[in-house]
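A.B. asks: What follows is coords24.txt, compact mmCIF, C-alpha atoms and all ligand atoms.
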# COMPACT_ATOMS: atom_id res chain seq x y z
CA MET A 1213 -103.45 -72.22 72.41
CA ASN A 1214 -101.62 -75.03 74.23
CA LYS A 1215 -98.37 -74.53 76.08
CA HIS A 1216 -95.86 -75.61 73.43
CA GLU A 1217 -97.52 -73.45 70.78
CA SER A 1218 -97.49 -70.44 73.07
CA LEU A 1219 -93.73 -71.03 73.47
CA GLY A 1220 -93.28 -71.13 69.70
CA LEU A 1221 -92.50 -74.87 69.60
CA THR A 1222 -93.72 -76.93 66.65
CA GLU A 1223 -95.15 -80.45 66.84
CA ASN A 1224 -91.92 -81.81 65.35
CA GLN A 1225 -89.86 -80.02 67.98
CA VAL A 1226 -91.86 -81.39 70.93
CA LEU A 1227 -91.76 -84.86 69.40
CA GLU A 1228 -87.99 -84.56 69.08
CA MET A 1229 -87.87 -83.58 72.76
CA TYR A 1230 -89.90 -86.67 73.67
CA GLU A 1231 -87.68 -88.92 71.54
CA THR A 1232 -84.56 -87.54 73.21
CA MET A 1233 -86.02 -88.22 76.67
CA LEU A 1234 -86.98 -91.73 75.64
CA LEU A 1235 -83.60 -92.44 74.06
CA ALA A 1236 -81.83 -91.35 77.26
CA ARG A 1237 -84.11 -93.56 79.36
CA LYS A 1238 -83.72 -96.63 77.17
CA LEU A 1239 -79.93 -96.29 76.98
CA ASP A 1240 -79.83 -95.88 80.75
CA GLU A 1241 -82.00 -98.96 81.33
CA ARG A 1242 -79.83 -100.99 78.96
CA MET A 1243 -76.70 -99.95 80.84
CA TRP A 1244 -78.16 -101.29 84.11
CA LEU A 1245 -78.85 -104.65 82.43
CA LEU A 1246 -75.31 -104.72 81.05
CA ASN A 1247 -73.92 -103.85 84.47
CA ARG A 1248 -75.93 -106.49 86.31
CA SER A 1249 -74.88 -109.12 83.77
CA GLY A 1250 -71.23 -108.24 84.36
CA LYS A 1251 -70.53 -106.63 80.98
CA ILE A 1252 -69.92 -103.02 81.99
CA PRO A 1253 -68.37 -101.78 85.23
CA PHE A 1254 -70.52 -98.83 86.27
CA VAL A 1255 -73.73 -96.86 85.66
CA ILE A 1256 -74.87 -93.54 87.06
CA SER A 1257 -78.39 -92.70 85.94
CA CYS A 1258 -80.32 -89.89 84.37
CA GLN A 1259 -83.61 -91.63 85.20
CA GLY A 1260 -86.17 -89.13 86.53
CA GLN A 1261 -84.14 -86.10 85.39
CA GLU A 1262 -84.56 -86.39 81.61
CA GLY A 1263 -87.50 -83.96 81.43
CA ALA A 1264 -85.55 -81.09 82.95
CA GLN A 1265 -82.48 -81.95 80.89
CA VAL A 1266 -84.36 -81.97 77.60
CA GLY A 1267 -86.37 -78.85 78.42
CA ALA A 1268 -83.13 -77.00 79.15
CA ALA A 1269 -81.05 -78.35 76.25
CA PHE A 1270 -83.70 -77.47 73.68
CA ALA A 1271 -83.89 -73.91 75.01
CA LEU A 1272 -80.21 -73.41 74.21
CA ASP A 1273 -78.56 -72.80 70.84
CA ARG A 1274 -77.28 -76.30 70.17
CA ASN A 1275 -74.94 -75.04 67.45
CA GLU A 1276 -73.30 -72.22 69.44
CA ASP A 1277 -73.64 -72.61 73.21
CA TYR A 1278 -71.23 -74.55 75.43
CA VAL A 1279 -72.50 -77.12 77.92
CA LEU A 1280 -70.67 -78.26 81.03
CA PRO A 1281 -72.77 -81.21 82.10
CA TYR A 1282 -72.50 -83.42 85.16
CA TYR A 1283 -72.67 -87.21 85.20
CA ARG A 1284 -76.47 -87.53 85.11
CA ASP A 1285 -76.90 -85.38 81.96
CA LEU A 1286 -77.28 -88.13 79.39
CA ALA A 1287 -80.28 -86.37 77.80
CA VAL A 1288 -78.34 -83.07 77.59
CA VAL A 1289 -75.41 -84.62 75.73
CA LEU A 1290 -77.71 -86.57 73.39
CA ALA A 1291 -79.49 -83.31 72.59
CA PHE A 1292 -76.10 -81.72 71.88
CA GLY A 1293 -75.19 -84.40 69.36
CA MET A 1294 -73.51 -87.27 71.19
CA THR A 1295 -74.76 -90.52 69.64
CA PRO A 1296 -76.08 -93.71 71.27
CA LYS A 1297 -73.04 -95.58 69.90
CA GLU A 1298 -70.71 -93.07 71.55
CA ILE A 1299 -72.54 -93.46 74.88
CA MET A 1300 -72.19 -97.24 74.70
CA LEU A 1301 -68.51 -97.05 73.64
CA SER A 1302 -67.95 -95.11 76.84
CA ALA A 1303 -69.94 -97.60 78.93
CA PHE A 1304 -67.81 -100.46 77.57
CA ALA A 1305 -64.60 -98.35 77.94
CA LYS A 1306 -63.60 -98.89 74.32
CA ALA A 1307 -60.90 -97.04 72.36
CA GLU A 1308 -63.41 -95.20 70.19
CA ASP A 1309 -65.17 -93.61 73.22
CA PRO A 1310 -65.17 -89.87 72.38
CA ASN A 1311 -65.07 -88.76 76.01
CA SER A 1312 -61.74 -90.24 77.00
CA GLY A 1313 -60.88 -93.17 74.74
CA GLY A 1314 -62.06 -95.50 77.49
CA ARG A 1315 -59.75 -94.04 80.15
CA GLN A 1316 -62.26 -92.25 82.38
CA MET A 1317 -65.36 -93.61 84.17
CA PRO A 1318 -68.57 -93.57 82.08
CA SER A 1319 -70.72 -90.41 82.17
CA HIS A 1320 -67.73 -88.08 82.34
CA PHE A 1321 -68.91 -86.41 79.17
CA GLY A 1322 -66.68 -84.39 76.87
CA GLN A 1323 -66.75 -83.90 73.10
CA LYS A 1324 -65.09 -80.89 71.54
CA LYS A 1325 -66.97 -80.90 68.22
CA ASN A 1326 -70.31 -80.63 70.06
CA ARG A 1327 -69.02 -78.05 72.60
CA ILE A 1328 -69.54 -80.48 75.48
CA VAL A 1329 -66.80 -79.50 77.91
CA THR A 1330 -65.03 -82.29 79.73
CA GLY A 1331 -65.29 -82.32 83.52
CA SER A 1332 -63.51 -83.86 86.47
CA SER A 1333 -64.71 -86.44 88.99
CA PRO A 1334 -64.65 -84.02 91.96
CA VAL A 1335 -68.17 -82.61 91.88
CA THR A 1336 -68.78 -78.93 91.05
CA THR A 1337 -65.43 -78.26 89.39
CA GLN A 1338 -67.41 -77.67 86.18
CA VAL A 1339 -69.05 -74.55 87.69
CA PRO A 1340 -65.97 -72.28 87.67
CA HIS A 1341 -65.04 -73.74 84.27
CA ALA A 1342 -68.44 -72.64 82.91
CA VAL A 1343 -67.87 -69.18 84.34
CA GLY A 1344 -64.56 -69.09 82.47
CA PHE A 1345 -66.32 -69.93 79.21
CA ALA A 1346 -68.81 -67.14 79.85
CA LEU A 1347 -65.95 -64.73 80.59
CA ALA A 1348 -64.41 -65.70 77.22
CA ALA A 1349 -67.75 -64.99 75.47
CA LYS A 1350 -67.82 -61.54 77.04
CA MET A 1351 -64.17 -60.71 76.32
CA GLU A 1352 -64.43 -61.89 72.71
CA LYS A 1353 -67.88 -60.28 72.27
CA ARG A 1354 -69.36 -63.53 71.05
CA ASP A 1355 -73.04 -64.49 71.15
CA PHE A 1356 -73.04 -67.71 73.10
CA VAL A 1357 -73.88 -68.71 76.64
CA SER A 1358 -72.41 -71.42 78.80
CA PHE A 1359 -74.79 -73.79 80.52
CA VAL A 1360 -73.69 -75.77 83.56
CA THR A 1361 -75.52 -78.35 85.67
CA PHE A 1362 -74.85 -79.96 89.06
CA GLY A 1363 -76.73 -81.61 91.89
CA GLU A 1364 -78.05 -79.84 94.97
CA GLY A 1365 -75.40 -81.55 97.10
CA SER A 1366 -72.81 -79.98 94.84
CA SER A 1367 -74.27 -76.53 95.53
CA ASN A 1368 -72.59 -76.74 98.94
CA GLN A 1369 -69.09 -76.95 97.49
CA GLY A 1370 -66.90 -73.84 97.44
CA ASP A 1371 -66.68 -73.97 93.64
CA PHE A 1372 -70.40 -73.20 93.40
CA HIS A 1373 -70.15 -70.08 95.57
CA GLU A 1374 -66.96 -68.76 93.98
CA GLY A 1375 -68.31 -69.39 90.49
CA LEU A 1376 -71.66 -67.70 91.08
CA ASN A 1377 -70.08 -64.76 92.84
CA PHE A 1378 -67.61 -64.06 90.03
CA ALA A 1379 -70.32 -64.48 87.37
CA GLY A 1380 -72.65 -62.14 89.27
CA VAL A 1381 -70.02 -59.44 89.75
CA HIS A 1382 -68.98 -59.50 86.08
CA LYS A 1383 -72.49 -60.10 84.68
CA LEU A 1384 -71.38 -63.11 82.65
CA PRO A 1385 -73.57 -65.04 80.18
CA VAL A 1386 -73.84 -68.29 82.14
CA ILE A 1387 -76.85 -70.35 83.19
CA PHE A 1388 -76.47 -72.40 86.37
CA MET A 1389 -78.96 -75.27 86.58
CA CYS A 1390 -79.18 -77.25 89.80
CA GLU A 1391 -80.87 -80.62 89.34
CA ASN A 1392 -82.28 -81.07 92.84
CA ASN A 1393 -83.08 -84.77 93.25
CA LYS A 1394 -83.13 -84.42 97.06
CA TYR A 1395 -80.19 -86.73 97.70
CA ALA A 1396 -76.43 -86.53 97.66
CA ILE A 1397 -75.80 -90.29 97.54
CA SER A 1398 -77.55 -91.28 100.82
CA VAL A 1399 -77.66 -87.81 102.42
CA PRO A 1400 -81.18 -86.34 102.28
CA LEU A 1401 -81.90 -82.71 101.44
CA SER A 1402 -82.69 -81.84 105.09
CA LYS A 1403 -79.07 -82.59 106.01
CA GLN A 1404 -77.61 -80.72 103.04
CA LEU A 1405 -79.03 -77.18 103.18
CA ALA A 1406 -80.21 -74.91 105.99
CA CYS A 1407 -82.10 -72.64 103.58
CA GLU A 1408 -85.37 -73.72 102.02
CA LYS A 1409 -84.37 -73.65 98.38
CA VAL A 1410 -81.10 -73.79 96.46
CA SER A 1411 -82.39 -70.85 94.43
CA ASP A 1412 -82.52 -68.73 97.64
CA ARG A 1413 -78.77 -68.45 97.22
CA ALA A 1414 -79.09 -66.46 93.98
CA ILE A 1415 -79.79 -63.15 95.72
CA GLY A 1416 -76.46 -63.37 97.55
CA TYR A 1417 -74.69 -63.35 94.20
CA GLY A 1418 -76.81 -60.66 92.53
CA MET A 1419 -78.72 -62.79 90.05
CA PRO A 1420 -82.29 -64.00 89.62
CA GLY A 1421 -83.09 -67.42 91.06
CA PHE A 1422 -85.96 -69.74 90.17
CA THR A 1423 -87.24 -73.03 91.54
CA ILE A 1424 -89.39 -74.99 89.10
CA ASP A 1425 -90.95 -78.40 88.63
CA GLY A 1426 -88.34 -80.37 86.68
CA ASP A 1427 -90.99 -82.80 85.42
CA ASP A 1428 -92.60 -79.92 83.53
CA VAL A 1429 -90.45 -80.06 80.39
CA LEU A 1430 -92.00 -76.98 78.79
CA GLU A 1431 -91.72 -74.86 81.92
CA VAL A 1432 -88.01 -75.69 82.15
CA TYR A 1433 -87.71 -74.78 78.46
CA ARG A 1434 -89.41 -71.41 79.09
CA VAL A 1435 -87.29 -70.44 82.09
CA VAL A 1436 -83.97 -71.49 80.49
CA LYS A 1437 -84.86 -69.68 77.26
CA GLU A 1438 -85.54 -66.47 79.19
CA ALA A 1439 -82.28 -66.89 81.11
CA ARG A 1440 -80.44 -67.27 77.80
CA GLU A 1441 -82.02 -64.11 76.39
CA ARG A 1442 -81.08 -62.15 79.54
CA ALA A 1443 -77.51 -63.45 79.28
CA LEU A 1444 -77.20 -62.40 75.63
CA ARG A 1445 -78.56 -58.93 76.46
CA GLY A 1446 -75.62 -58.52 78.88
CA GLU A 1447 -77.82 -58.81 81.98
CA GLY A 1448 -75.76 -61.62 83.47
CA PRO A 1449 -76.27 -65.07 84.94
CA THR A 1450 -79.29 -66.94 86.31
CA LEU A 1451 -79.59 -69.72 88.87
CA ILE A 1452 -82.32 -72.24 88.04
CA GLU A 1453 -83.22 -75.04 90.43
CA VAL A 1454 -85.24 -77.86 88.89
CA LEU A 1455 -87.01 -80.22 91.29
CA VAL A 1456 -86.56 -83.75 90.03
CA HIS A 1457 -86.69 -87.32 91.32
CA ARG A 1458 -83.85 -89.78 91.36
CA ILE A 1459 -85.62 -92.95 90.24
CA THR A 1460 -82.61 -95.25 90.69
CA ALA A 1461 -80.01 -95.70 93.40
CA HIS A 1462 -77.15 -93.17 93.34
CA SER A 1463 -75.16 -95.47 91.07
CA SER A 1464 -74.78 -99.15 90.27
CA ASP A 1465 -72.56 -99.40 93.39
CA ASP A 1466 -75.29 -98.13 95.75
CA ASP A 1467 -78.34 -99.79 97.33
CA ASP A 1468 -80.88 -97.09 98.11
CA LYS A 1469 -83.17 -99.52 99.94
CA ALA A 1470 -80.80 -98.98 102.86
CA TYR A 1471 -81.95 -95.36 103.24
CA ARG A 1472 -85.23 -94.88 101.31
CA GLU A 1473 -88.63 -96.24 102.31
CA ALA A 1474 -90.49 -98.45 99.83
CA SER A 1475 -93.33 -95.88 99.78
CA GLU A 1476 -90.91 -93.16 98.68
CA LEU A 1477 -89.57 -95.29 95.85
CA GLU A 1478 -93.12 -96.00 94.72
CA TYR A 1479 -93.96 -92.28 94.80
CA VAL A 1480 -90.89 -91.50 92.72
CA ARG A 1481 -91.77 -94.12 90.11
CA ASN A 1482 -95.31 -92.72 89.92
CA ASN A 1483 -93.91 -89.24 89.27
CA ASP A 1484 -91.88 -90.06 86.22
CA PRO A 1485 -91.37 -87.19 83.74
CA LEU A 1486 -91.44 -89.53 80.74
CA PRO A 1487 -95.08 -90.75 80.92
CA LYS A 1488 -96.06 -87.26 82.08
CA PHE A 1489 -94.69 -85.69 78.90
CA ALA A 1490 -96.16 -88.48 76.75
CA ALA A 1491 -99.56 -87.77 78.35
CA TYR A 1492 -99.22 -84.05 77.58
CA LEU A 1493 -98.43 -84.85 73.93
CA LYS A 1494 -101.36 -87.26 73.69
CA THR A 1495 -103.83 -84.86 75.30
CA ASN A 1496 -102.76 -82.17 72.85
CA GLY A 1497 -103.04 -84.36 69.78
CA VAL A 1498 -99.31 -84.49 69.02
CA LEU A 1499 -98.83 -88.18 69.79
CA ASP A 1500 -101.09 -91.23 69.46
CA GLU A 1501 -100.61 -94.83 70.59
CA GLN A 1502 -99.45 -96.00 67.18
CA THR A 1503 -96.82 -93.27 66.73
CA ASP A 1504 -95.65 -93.85 70.31
CA ALA A 1505 -95.19 -97.57 69.58
CA GLU A 1506 -93.25 -96.74 66.39
CA ILE A 1507 -90.99 -94.29 68.24
CA ASN A 1508 -90.33 -96.89 70.96
CA LYS A 1509 -89.48 -99.51 68.34
CA LYS A 1510 -87.11 -97.15 66.51
CA ILE A 1511 -85.36 -96.22 69.74
CA MET A 1512 -84.93 -99.82 70.89
CA GLN A 1513 -83.32 -100.54 67.51
CA LEU A 1514 -80.85 -97.68 68.08
CA VAL A 1515 -80.07 -98.97 71.58
CA ASN A 1516 -79.54 -102.53 70.31
CA GLU A 1517 -77.29 -101.40 67.46
CA ALA A 1518 -75.26 -99.20 69.82
CA THR A 1519 -74.86 -102.03 72.34
CA ASP A 1520 -73.73 -104.57 69.71
CA TYR A 1521 -71.35 -102.09 68.09
CA ALA A 1522 -69.71 -101.07 71.37
CA GLU A 1523 -69.47 -104.60 72.72
CA ALA A 1524 -67.61 -105.74 69.59
CA ALA A 1525 -65.38 -102.63 69.37
CA PRO A 1526 -61.66 -102.93 70.28
CA TYR A 1527 -60.12 -101.70 73.52
CA ALA A 1528 -57.36 -99.11 73.42
CA ASN A 1529 -53.78 -100.35 73.01
CA PRO A 1530 -52.07 -100.53 76.42
CA GLU A 1531 -49.56 -97.88 75.22
CA HIS A 1532 -52.49 -95.45 74.97
CA ALA A 1533 -52.31 -95.11 78.76
CA LEU A 1534 -49.06 -93.15 78.22
CA THR A 1535 -50.63 -90.57 75.88
CA HIS A 1536 -50.65 -87.10 77.50
CA VAL A 1537 -48.23 -88.31 80.16
CA TYR A 1538 -45.16 -86.13 79.77
CA GLU A 1539 -42.77 -87.39 82.42
C1 LIG B 1601 -65.52 -83.00 95.78
C2 LIG B 1601 -66.22 -84.33 95.82
N1 LIG B 1601 -66.69 -84.80 96.99
C3 LIG B 1601 -67.32 -85.99 97.03
C4 LIG B 1601 -67.49 -86.72 95.88
C5 LIG B 1601 -68.20 -88.07 95.94
N2 LIG B 1601 -69.54 -87.88 95.34
C6 LIG B 1601 -69.79 -88.23 94.07
S1 LIG B 1601 -71.37 -87.89 93.63
C7 LIG B 1601 -71.73 -87.28 95.16
C8 LIG B 1601 -73.11 -86.79 95.48
C9 LIG B 1601 -73.45 -85.53 94.78
O1 LIG B 1601 -74.79 -85.21 95.06
P1 LIG B 1601 -75.54 -84.15 94.20
O2 LIG B 1601 -74.66 -83.00 93.94
O3 LIG B 1601 -76.84 -83.87 94.86
O4 LIG B 1601 -75.76 -84.89 92.80
P2 LIG B 1601 -76.67 -86.17 92.48
O5 LIG B 1601 -75.73 -87.34 92.41
O6 LIG B 1601 -77.68 -86.30 93.54
O7 LIG B 1601 -77.27 -85.90 91.16
C10 LIG B 1601 -70.62 -87.35 96.00
C11 LIG B 1601 -70.61 -86.93 97.40
C12 LIG B 1601 -66.98 -86.20 94.68
N3 LIG B 1601 -67.10 -86.84 93.51
N4 LIG B 1601 -66.37 -85.00 94.67
MG MG B 1602 -78.72 -84.71 94.47
Could you take the file, read its structure, and then write that structure out as structure tokens?

C.D. replies:
Amino acid sequence: MNKHESLGLTENQVLEMYETMLLARKLDERMWLLNRSGKIPFVISCQGQEGAQVGAAFALDRNEDYVLPYYRDLAVVLAFGMTPKEIMLSAFAKAEDPNSGGRQMPSHFGQKKNRIVTGSSPVTTQVPHAVGFALAAKMEKRDFVSFVTFGEGSSNQGDFHEGLNFAGVHKLPVIFMCENNKYAISVPLSKQLACEKVSDRAIGYGMPGFTIDGDDVLEVYRVVKEARERALRGEGPTLIEVLVHRITAHSSDDDDKAYREASELEYVRNNDPLPKFAAYLKTNGVLDEQTDAEINKKIMQLVNEATDYAEAAPYANPEHALTHVYE
């Protein structure tokens, strides 16, 4: 039996996972083109992290659980129901953007109907928020978990430590997933942590900690699914560190050639989770060249339609800036 079958995943489910990864990648690539041609102000990428994001999102209950994503989680929010059009409306800062009506920077995801909880620009503030959602699940005796992500740099903020400690003490149903891409902007991992792994910190807060290969979509799925089951049994939180690569610069305002060697960038591009997952699907007879070409064509059509729609959409009225301002 191959790995996805042993995890109870059907061919359709793994194909949907692949399509979600590909959609995230193609939207992200389009946003860079739009940025470099002066049409949108800012991009912050998911590229290289989509495998871990999809593996995790598909292990959750996408009709019940709450997600508190960070700015790189494009594949997570797509999996939770945000549409390509909505992503592009946000990139173009148009009125119809579901995250903020075009008021916030792109990639500050939030959409109530899909239980995607809005976050702030200061990194890691979403961690204590997620703990609050998990506390609500426990107090109201409801069967959902909260799932929160952040970078490894963010795991050095006080919010991380306070959030994990409270969740550990109260055995709350929350899954903490650190997407370790080995950089916090230009600061390398060696200057961020004195311990070997982010997951080493779990023991200090009384929860299990795991470090796994974030390019291994199905392994991430397995570990997140087990964490979810533990949470629902009342056994408390889990810290999961996924090792990923940041394929792009930190953002469209950064030039990583200033602090990364060419050889490192080449290594990162050769360790891309997208072709790795495609190869797994092909080896296991789930995907062939023709179907792959059809999926790519379908996704490019979605990306083109979303771009055209958002570019033509109206901006918010200037008065909209006064909404939610009380004095
Ligand atoms: C509290 C706070 N400090 C600094 C920043 C500026 N900042 C934005 S992203 C970032 C790097 C975060 O690195 P990491 O957590 O590893 O996430 P990554 O971008 O690598 O995915 C920093 C320092 C911020 N947004 N909030
Ligand atoms: Mg990082």

A.B. asks: Considering all atoms listed in the file, return as a PyMOL selection string whatever protein or nucleic-acid residues lie within 12 Å of Gly1331 in chain A, sequence-local ones (same chain, fewer than 6 positions apart) excluded.

C.D. replies: chain A and resi 1279-1283+1311-1312+1316-1323+1337-1342+1360-1362

A.B. asks: Can you tell me which residues surround range 1509-1526 of chain A at a distance of at most 8 Å, considering only C-alpha atoms, apart from same-chain residues fewer than 4 positions away, and format the answer as a short mmCIF file (atom, residue, chain, number, x, y, z; two decimals) with C-alpha atoms, keeping the file's coordinate frame?

C.D. replies:
data_model
loop_
_atom_site.label_atom_id
_atom_site.label_comp_id
_atom_site.auth_asym_id
_atom_site.auth_seq_id
_atom_site.Cartn_x
_atom_site.Cartn_y
_atom_site.Cartn_z
CA GLU A 1231 -87.68 -88.92 71.54
CA LEU A 1234 -86.98 -91.73 75.64
CA LEU A 1235 -83.60 -92.44 74.06
CA LYS A 1238 -83.72 -96.63 77.17
CA LEU A 1239 -79.93 -96.29 76.98
CA ARG A 1242 -79.83 -100.99 78.96
CA PRO A 1296 -76.08 -93.71 71.27
CA LYS A 1297 -73.04 -95.58 69.90
CA GLU A 1298 -70.71 -93.07 71.55
CA MET A 1300 -72.19 -97.24 74.70
CA LEU A 1301 -68.51 -97.05 73.64
CA PHE A 1304 -67.81 -100.46 77.57
CA LYS A 1306 -63.60 -98.89 74.32
CA ALA A 1307 -60.90 -97.04 72.36
CA GLU A 1308 -63.41 -95.20 70.19
CA ALA A 1505 -95.19 -97.57 69.58
#

A.B. asks: For ligand MG 1602 (chain B), collect every residue having any atom at a distance of at most 10 Å from a ligand atom (counting only C-alpha atoms and all ligand atoms); output as a list in words.

C.D. replies: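 If we count only C-alpha atoms and all ligand atoms, the neighbours of ligand MG 1602 (chain B) turn out to be Phe1362, Gly1363, Glu1364, Gly1365, Ser1366, Ser1367, Cys1390, Glu1391, Asn1392, Asn1393, Lys1394, Tyr1395, Ala1396, Ile1397, Ser1398, Val1399, Pro1400, Leu1401, Gln1404, Leu1455, Val1456, His1457, Arg1458 and His1462 of chain A.
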
A.B. asks: Store the residues picked out above in a file with C-alpha atoms, as an mmCIF file, keeping the file's coordinate frame.

C.D. replies:
data_model
loop_
_atom_site.group_PDB
_atom_site.id
_atom_site.type_symbol
_atom_site.label_atom_id
_atom_site.label_comp_id
_atom_site.auth_asym_id
_atom_site.auth_seq_id
_atom_site.Cartn_x
_atom_site.Cartn_y
_atom_site.Cartn_z
ATOM 1 C CA PHE A 1362 -74.850 -79.960 89.060
ATOM 2 C CA GLY A 1363 -76.730 -81.610 91.890
ATOM 3 C CA GLU A 1364 -78.050 -79.840 94.970
ATOM 4 C CA GLY A 1365 -75.400 -81.550 97.100
ATOM 5 C CA SER A 1366 -72.810 -79.980 94.840
ATOM 6 C CA SER A 1367 -74.270 -76.530 95.530
ATOM 7 C CA CYS A 1390 -79.180 -77.250 89.800
ATOM 8 C CA GLU A 1391 -80.870 -80.620 89.340
ATOM 9 C CA ASN A 1392 -82.280 -81.070 92.840
ATOM 10 C CA ASN A 1393 -83.080 -84.770 93.250
ATOM 11 C CA LYS A 1394 -83.130 -84.420 97.060
ATOM 12 C CA TYR A 1395 -80.190 -86.730 97.700
ATOM 13 C CA ALA A 1396 -76.430 -86.530 97.660
ATOM 14 C CA ILE A 1397 -75.800 -90.290 97.540
ATOM 15 C CA SER A 1398 -77.550 -91.280 100.820
ATOM 16 C CA VAL A 1399 -77.660 -87.810 102.420
ATOM 17 C CA PRO A 1400 -81.180 -86.340 102.280
ATOM 18 C CA LEU A 1401 -81.900 -82.710 101.440
ATOM 19 C CA GLN A 1404 -77.610 -80.720 103.040
ATOM 20 C CA LEU A 1455 -87.010 -80.220 91.290
ATOM 21 C CA VAL A 1456 -86.560 -83.750 90.030
ATOM 22 C CA HIS A 1457 -86.690 -87.320 91.320
ATOM 23 C CA ARG A 1458 -83.850 -89.780 91.360
ATOM 24 C CA HIS A 1462 -77.150 -93.170 93.340
#

A.B. asks: What's the 9 Å shell around Ile1424 in chain A, counting only C-alpha atoms, without same-chain residues fewer than 5 positions away, as a PyMOL selection string?

C.D. replies: chain A and resi 1431-1432+1435+1452-1455

A.B. asks: How many Å separate CA of Pro1449 in chain A from CA of Asp1428 in chain A?

C.D. replies: 22.1 Å

A.B. asks: Please provide as a list in words all residues within 10 Å of Gly1416 in chain A, with the sequence filter that same-chain residues fewer than 5 positions apart are discarded (counting all atoms listed in the file).

C.D. replies: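 The contact residues come out as His1373, Leu1376, Asn1377 and Gly1380 of chain A.
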
A.B. asks: From the list A:Thr1460, A:Lys1325, A:Thr1222, A:Gly1446, which residue is nearest Glu1476 in chain A when using all atoms listed in the file?

C.D. replies: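 For Glu1476 in chain A, the nearest of the candidates is A:Thr1460.
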
A.B. asks: A:Val1410, A:Met1243, A:Val1226, A:Ala1269: which is nearest ligand LIG 1601 (chain B), counting only C-alpha atoms and all ligand atoms?

C.D. replies: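 Of the candidates, the smallest distance to ligand LIG 1601 (chain B) is held by A:Val1410.
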
A.B. asks: Compare A:Met1389, A:Ile1415, A:Ala1264, A:Leu1246 by their minimum atom-to-atom distance to Ala1439 in chain A, counting all atoms listed in the file, and give me the closest one.

C.D. replies: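 Between A:Met1389, A:Ile1415, A:Ala1264, A:Leu1246, the residue approaching Ala1439 in chain A most closely is A:Met1389.
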
A.B. asks: Of the candidates A:Glu1217, A:Asp1371, A:Glu1438, A:Asp1277, which shows the shortest atom-to-atom distance to Asn1326 in chain A, using all atoms listed in the file?

C.D. replies: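 So, comparing all the options, the nearest one is A:Asp1277.
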